[in-house]
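Below: the structure, in structure tokens.
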Amino acid sequence: MNVRLWELGEYFGPEGQLPTLIDPDWIQGHLALTMVTLGRDRTKVWATVDLEKVRISVTGGVHYSDKYYTVINHTLS
Amino acid sequence: MSSDTYRTLADTICSRYPGTPVHCRSDRSVLCNSIPLERSATFFEYVVIDGKRYSASRTVGSNRSSLVHVIIPGTPQIHGYGEVLEIFQFNLVFSSSESQLWFAQVRWFKAWPGEREYIWDELCVSLTQPTLLFIY
């Protein structure tokens, strides 16, 4: 599923290792993003999933928890 | 095009095409064969790749279709995750020949460095049966 966590509202600057300008053909797919809270201190972070993989999983007719479904519902809306 | 994008474009072309050095018009040429870079480009609201539409968030005012997974070719390949801000096409004129270059300007997410549960990495396997999942 490749759920990935990111610092809330933070981006690399121009000095980052990745190029700022890319060839559009390098884009592989859409990401879904939502904010989640982690741990007992309720740290807020961004969570993303690969939308193509989410669609494949949904097709499988699997049950999801409320939290997990929230992630999917957010991206498909 | 903004000054930042213009300078980034010059750096990108010099890096990607070392045989055709360019420089910003406001700068002094460092190499004798460097040419001043045009400042005009055509900006687009979206681009369609493999039937999927990706929008430029800065242009359309929404990032709804702008969050992307990118694979930067090379050895090894690098995976990047971020937001497409602008999409533009630039005509590079060099030695009487003209090339159309397409670019997407991306700002990259910064990975969260804290501890996390790795149950999500195994999710595809565990989804074969009804599952209750939580993030802690």
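Each chain in the structure tokens gets a letter, A, B and so on, in the order shown; residues start at 1 in every chain, and ligands are counted from 1 in the order they appear.
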
Define the interface residues of chain A facing chain B as those within 6 Å, counting only C-alpha atoms, and report them as a PDB file with C-alpha atoms, in the first residue's frame.
```
ATOM      1  CA  MET A   1       0.000   0.000   0.000  1.00  0.00           C
ATOM      2  CA  ASN A   2       2.989   2.282   0.524  1.00  0.00           C
ATOM      3  CA  LEU A   5       4.268   9.879   6.370  1.00  0.00           C
ATOM      4  CA  TRP A   6       5.425  13.451   5.839  1.00  0.00           C
ATOM      5  CA  GLU A   7       6.044  16.493   7.957  1.00  0.00           C
ATOM      6  CA  GLU A  10       6.845  21.068   5.052  1.00  0.00           C
ATOM      7  CA  TYR A  11       8.634  20.920   1.717  1.00  0.00           C
ATOM      8  CA  PHE A  12      12.245  20.703   0.654  1.00  0.00           C
ATOM      9  CA  THR A  20      12.749  21.177  -8.863  1.00  0.00           C
ATOM     10  CA  LEU A  21      12.047  20.877 -12.581  1.00  0.00           C
ATOM     11  CA  ILE A  22      11.282  17.410 -13.887  1.00  0.00           C
ATOM     12  CA  ASP A  23      10.223  15.842 -17.148  1.00  0.00           C
ATOM     13  CA  PRO A  24       6.440  15.327 -16.877  1.00  0.00           C
ATOM     14  CA  TRP A  26       8.607  10.917 -14.916  1.00  0.00           C
ATOM     15  CA  ILE A  27       5.265  11.211 -13.102  1.00  0.00           C
ATOM     16  CA  GLN A  28       4.012   7.743 -12.149  1.00  0.00           C
ATOM     17  CA  GLY A  29       0.612   8.392 -10.615  1.00  0.00           C
ATOM     18  CA  HIS A  30      -1.571  10.363  -8.284  1.00  0.00           C
ATOM     19  CA  LEU A  31      -1.133  10.449  -4.545  1.00  0.00           C
ATOM     20  CA  LEU A  38       0.239   9.743  15.573  1.00  0.00           C
ATOM     21  CA  GLY A  39       1.152   8.523  19.008  1.00  0.00           C
ATOM     22  CA  VAL A  62     -12.011  -5.733   1.519  1.00  0.00           C
ATOM     23  CA  HIS A  63     -13.360  -4.317   4.772  1.00  0.00           C
ATOM     24  CA  SER A  65     -11.503   0.360   9.527  1.00  0.00           C
TER      25      SER A  65
END
```

**Selection near Val93 (chain B), 12 Å with only C-alpha atoms, sequence-local residues under 5 positions removed, as number ranges by chain** = B: 13, 20-22, 34-38, 98-101

Residues as selected, N, CA and C atoms, written as a PDB file, in the first residue's frame, can you do that?
```pdb
ATOM      1  N   ILE B  13      18.718  23.360 -17.408  1.00  0.00           N
ATOM      2  CA  ILE B  13      19.185  23.125 -18.777  1.00  0.00           C
ATOM      3  C   ILE B  13      20.703  22.924 -18.793  1.00  0.00           C
ATOM      4  N   THR B  20      24.912  22.418 -24.281  1.00  0.00           N
ATOM      5  CA  THR B  20      24.220  23.648 -24.694  1.00  0.00           C
ATOM      6  C   THR B  20      24.081  24.566 -23.484  1.00  0.00           C
ATOM      7  N   PRO B  21      25.184  25.149 -23.051  1.00  0.00           N
ATOM      8  CA  PRO B  21      25.117  26.012 -21.860  1.00  0.00           C
ATOM      9  C   PRO B  21      24.291  27.270 -22.113  1.00  0.00           C
ATOM     10  N   VAL B  22      23.559  27.673 -21.107  1.00  0.00           N
ATOM     11  CA  VAL B  22      22.728  28.888 -21.178  1.00  0.00           C
ATOM     12  C   VAL B  22      22.958  29.701 -19.912  1.00  0.00           C
ATOM     13  N   SER B  34      27.952  30.038 -24.241  1.00  0.00           N
ATOM     14  CA  SER B  34      26.661  30.095 -23.552  1.00  0.00           C
ATOM     15  C   SER B  34      25.755  31.118 -24.219  1.00  0.00           C
ATOM     16  N   ILE B  35      24.489  30.803 -24.279  1.00  0.00           N
ATOM     17  CA  ILE B  35      23.531  31.722 -24.903  1.00  0.00           C
ATOM     18  C   ILE B  35      22.557  32.245 -23.845  1.00  0.00           C
ATOM     19  N   PRO B  36      22.102  33.483 -24.010  1.00  0.00           N
ATOM     20  CA  PRO B  36      21.113  34.021 -23.060  1.00  0.00           C
ATOM     21  C   PRO B  36      19.780  33.301 -23.223  1.00  0.00           C
ATOM     22  N   LEU B  37      19.176  32.983 -22.106  1.00  0.00           N
ATOM     23  CA  LEU B  37      17.949  32.186 -22.111  1.00  0.00           C
ATOM     24  C   LEU B  37      16.728  33.083 -22.289  1.00  0.00           C
ATOM     25  N   GLU B  38      15.855  32.680 -23.196  1.00  0.00           N
ATOM     26  CA  GLU B  38      14.579  33.388 -23.337  1.00  0.00           C
ATOM     27  C   GLU B  38      13.797  33.280 -22.036  1.00  0.00           C
ATOM     28  N   GLU B  98      15.806  24.322 -32.913  1.00  0.00           N
ATOM     29  CA  GLU B  98      14.891  24.616 -31.817  1.00  0.00           C
ATOM     30  C   GLU B  98      14.369  23.322 -31.218  1.00  0.00           C
ATOM     31  N   SER B  99      14.400  23.238 -29.906  1.00  0.00           N
ATOM     32  CA  SER B  99      13.877  22.062 -29.212  1.00  0.00           C
ATOM     33  C   SER B  99      12.762  22.485 -28.275  1.00  0.00           C
ATOM     34  N   GLN B 100      11.718  21.693 -28.242  1.00  0.00           N
ATOM     35  CA  GLN B 100      10.622  21.935 -27.309  1.00  0.00           C
ATOM     36  C   GLN B 100      10.877  21.123 -26.038  1.00  0.00           C
ATOM     37  N   LEU B 101      11.011  21.810 -24.943  1.00  0.00           N
ATOM     38  CA  LEU B 101      11.238  21.137 -23.667  1.00  0.00           C
ATOM     39  C   LEU B 101      10.019  21.315 -22.775  1.00  0.00           C
TER      40      LEU B 101
END
```

**Message:** Under the rule that only C-alpha atoms are counted, which of B:Ser55, B:Ser15, B:Ser2, B:Gln89 is the nearest residue to Pro19 (chain A)?
**Reply:**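 Among B:Ser55, B:Ser15, B:Ser2, B:Gln89, it is B:Ser15 that comes nearest to Pro19 (chain A).
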
**Item:** Selection: 7 Å around Arg4 (chain A), only C-alpha atoms, excl. self and same-chain fewer than 3 positions, as a count of residues only
**Value:** 3

**Prompt:** CA of Ser3 (chain B) and CA of Leu92 (chain B) are how many Å apart?
**Reply:**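 Separation of CA of Ser3 (chain B) and CA of Leu92 (chain B): 17.6 Å.
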